[in-house]
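Since the structure comes first, as structure tokens, the remarks are kept for the end.
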Amino acid sequence: MELRQLEHFLAVAEELSFTRAARRLHVVQSGVSAAIRSLERELGCALFERTSQQVRLTGAGAALLPEARATLHAAQAAQDAVRAAQDTLRGTVNVGAMASVEVVDLPALLGQLHARHPAIDVRLRLATTGSAGLAHALLSGDLDVAFLSLPEHKPAGIDARELATVPLVLVVSAAHPLAQRGEVALADLAGEPFVDFPPGYGNREVVDRAFAAAGVVRRVALEVPDIDMGAALVRHGLGIAFLPAFAVARTPGLHVLDVHGTLLRWSMHLGTSSNRRPSSALRALLDLVDLHVIAL
């Protein structure tokens, strides 16, 4: 079994497409197919179910996937050790983040990493499924590091460091009837349409937990994965929302209400796998993170 075969297997397993895997590996598709057939012959079993419409892992392929990732990570660590001894950092860092990373100046962070270590290849993935999707990608090995919001009880297998905690405040449009009041209770909001992030996002989970603990059912009418769009929707009277305080400060036409007996906070974390030793390239990125945390 060769590392090249495992690299080809991993690419097909993650892309679920021989065409996309070939594009990702910068090789011809026939080369990917040949590598997979050779690996299947060596192992004596099929690793993929192939039809004209889709490619799926077999049971044997699913069993091989975590072992292939671990083997390739170990090989990468061996290469990193040699390169570190030569004072040249190389490697790939797979970074995950939400579309709005307000707590960290991500472009500046990645720019400084590139300036210091131009041979490090950074692959950035912006989450479409919120922090829950980023956590799953960390656990599966698709990501090396992620900027995400985690619940109070962090998933096993993830090391997380809190970068910042931001208060969530209740906002309504200046023309909303509730804007005439200084304070409300969660029970007063039961009939209101809410603007919120989709399920899986950390701030959505914080608000959902607060209403569940209070025994209050709320209606989320509009789901948007963007803080500024959510604030704009509230400003135009399409709902009310719990938003990070920094978003309210930059959006005119919003009125902030105190919520009796309720203090909501949303935290941003730096997450890595607790089951894999970080590569030298990843450690180089982690060493720079604190320099780019934004005071909100």
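Each chain of the structure tokens is named A, B, ... in the order shown, its residues numbered from 1; ligands are numbered from 1 in display order.
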
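Residues lying within 7 Å of segment 32-48 of chain A, counting only C-alpha atoms and ignoring same-chain neighbours fewer than 2 positions away, are Met1, Gln5, His8, Phe9, Phe18, Ala22, Val28, Gln29, Ser30, Arg50, Val55, Arg56, Leu57, Thr58, Ala60 and Gly61 of chain A.
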
Using only C-alpha atoms, which residues sit within 10 Å of Ala108 of chain A once same-chain residues fewer than 4 positions away are excluded, as a compact mmCIF listing (two decimals) with N, CA and C atoms, in the first residue's frame?
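The result, stored in around.txt:
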```txt
# COMPACT_ATOMS: atom_id res chain seq x y z
N VAL A 104 -12.03 37.61 14.80
CA VAL A 104 -10.66 37.47 14.32
C VAL A 104 -10.54 38.11 12.95
N GLN A 112 -0.34 37.27 7.32
CA GLN A 112 0.91 37.24 8.07
C GLN A 112 1.55 35.86 8.03
N LEU A 113 0.71 34.82 8.10
CA LEU A 113 1.25 33.46 7.98
C LEU A 113 1.95 33.27 6.64
N HIS A 114 1.34 33.77 5.57
CA HIS A 114 1.94 33.64 4.24
C HIS A 114 3.24 34.43 4.15
N VAL A 289 -2.53 33.58 16.09
CA VAL A 289 -3.96 33.90 16.24
C VAL A 289 -4.20 35.06 17.20
N LEU A 291 -2.61 37.58 17.94
CA LEU A 291 -2.25 38.90 17.42
C LEU A 291 -3.37 39.51 16.59
N HIS A 292 -4.35 38.70 16.21
CA HIS A 292 -5.38 39.18 15.29
C HIS A 292 -6.80 39.06 15.86
```

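Put simply, atom CA of Ala232 of chain A is 22.4 Å away from atom CA of Leu186 of chain A.
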
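Minimum distance to Val195 of chain A across A:Gly141, A:Gly230, A:Gly215, A:Pro244 (counting only C-alpha atoms) occurs at A:Gly230.
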
Determine, counting only C-alpha atoms, which protein, DNA and RNA residues have an atom within 7 Å of an atom of Thr165 of chain A; residues of the same chain fewer than 4 positions away are not included. Present the result as a list in words. Arg265, Trp266, Ser267 and Met268 of chain A

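If you look at atom CA of Ala97 of chain A and atom CA of Leu134 of chain A, they are 7.3 Å away from each other.
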
Which residues are near Ala156 of chain A? Cut-off 10 Å, only C-alpha atoms, ignore same chain within fewer than 6 positions. Put them as a ChimeraX atom specification. /A:139,273-275

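In the backbone-derived DSSP annotation, strand (DSSP E) within segment 65-144 of chain A comprises Gly91, Thr92, Val93, Asn94, Val95, Gly96, Ala97, Ile120, Asp121, Val122, Arg123, Leu124, Arg125 and Leu126 of chain A.
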
Any chance you could list, as a PyMOL selection string, the residues in segment 50-279 of chain A that come up alpha helix (DSSP H) when DSSP is run on the backbone? chain A and resi 59-85+106-116+130-140+202-214+227-235+245-249

Just the residues within 12 Å of Ala74 of chain A, please, counting only C-alpha atoms, with nothing from its chain fewer than 3 positions along; format it as an MDAnalysis selection string. chainID A and resid 3 67:71 77:81 276:279

Could you tell me how far atom CA of Ala175 of chain A lies from atom CA of Glu205 of chain A, in Å and to one decimal? 27.8 Å

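Non-sequential neighbours of Gly96 of chain A (distance at most 7 Å, separation of 2 or more positions within a chain, only C-alpha atoms) are Asn94, Leu124, Arg125, Leu126, Ala127, Leu134, Leu143, Val145, Ala146 and Phe147 of chain A.
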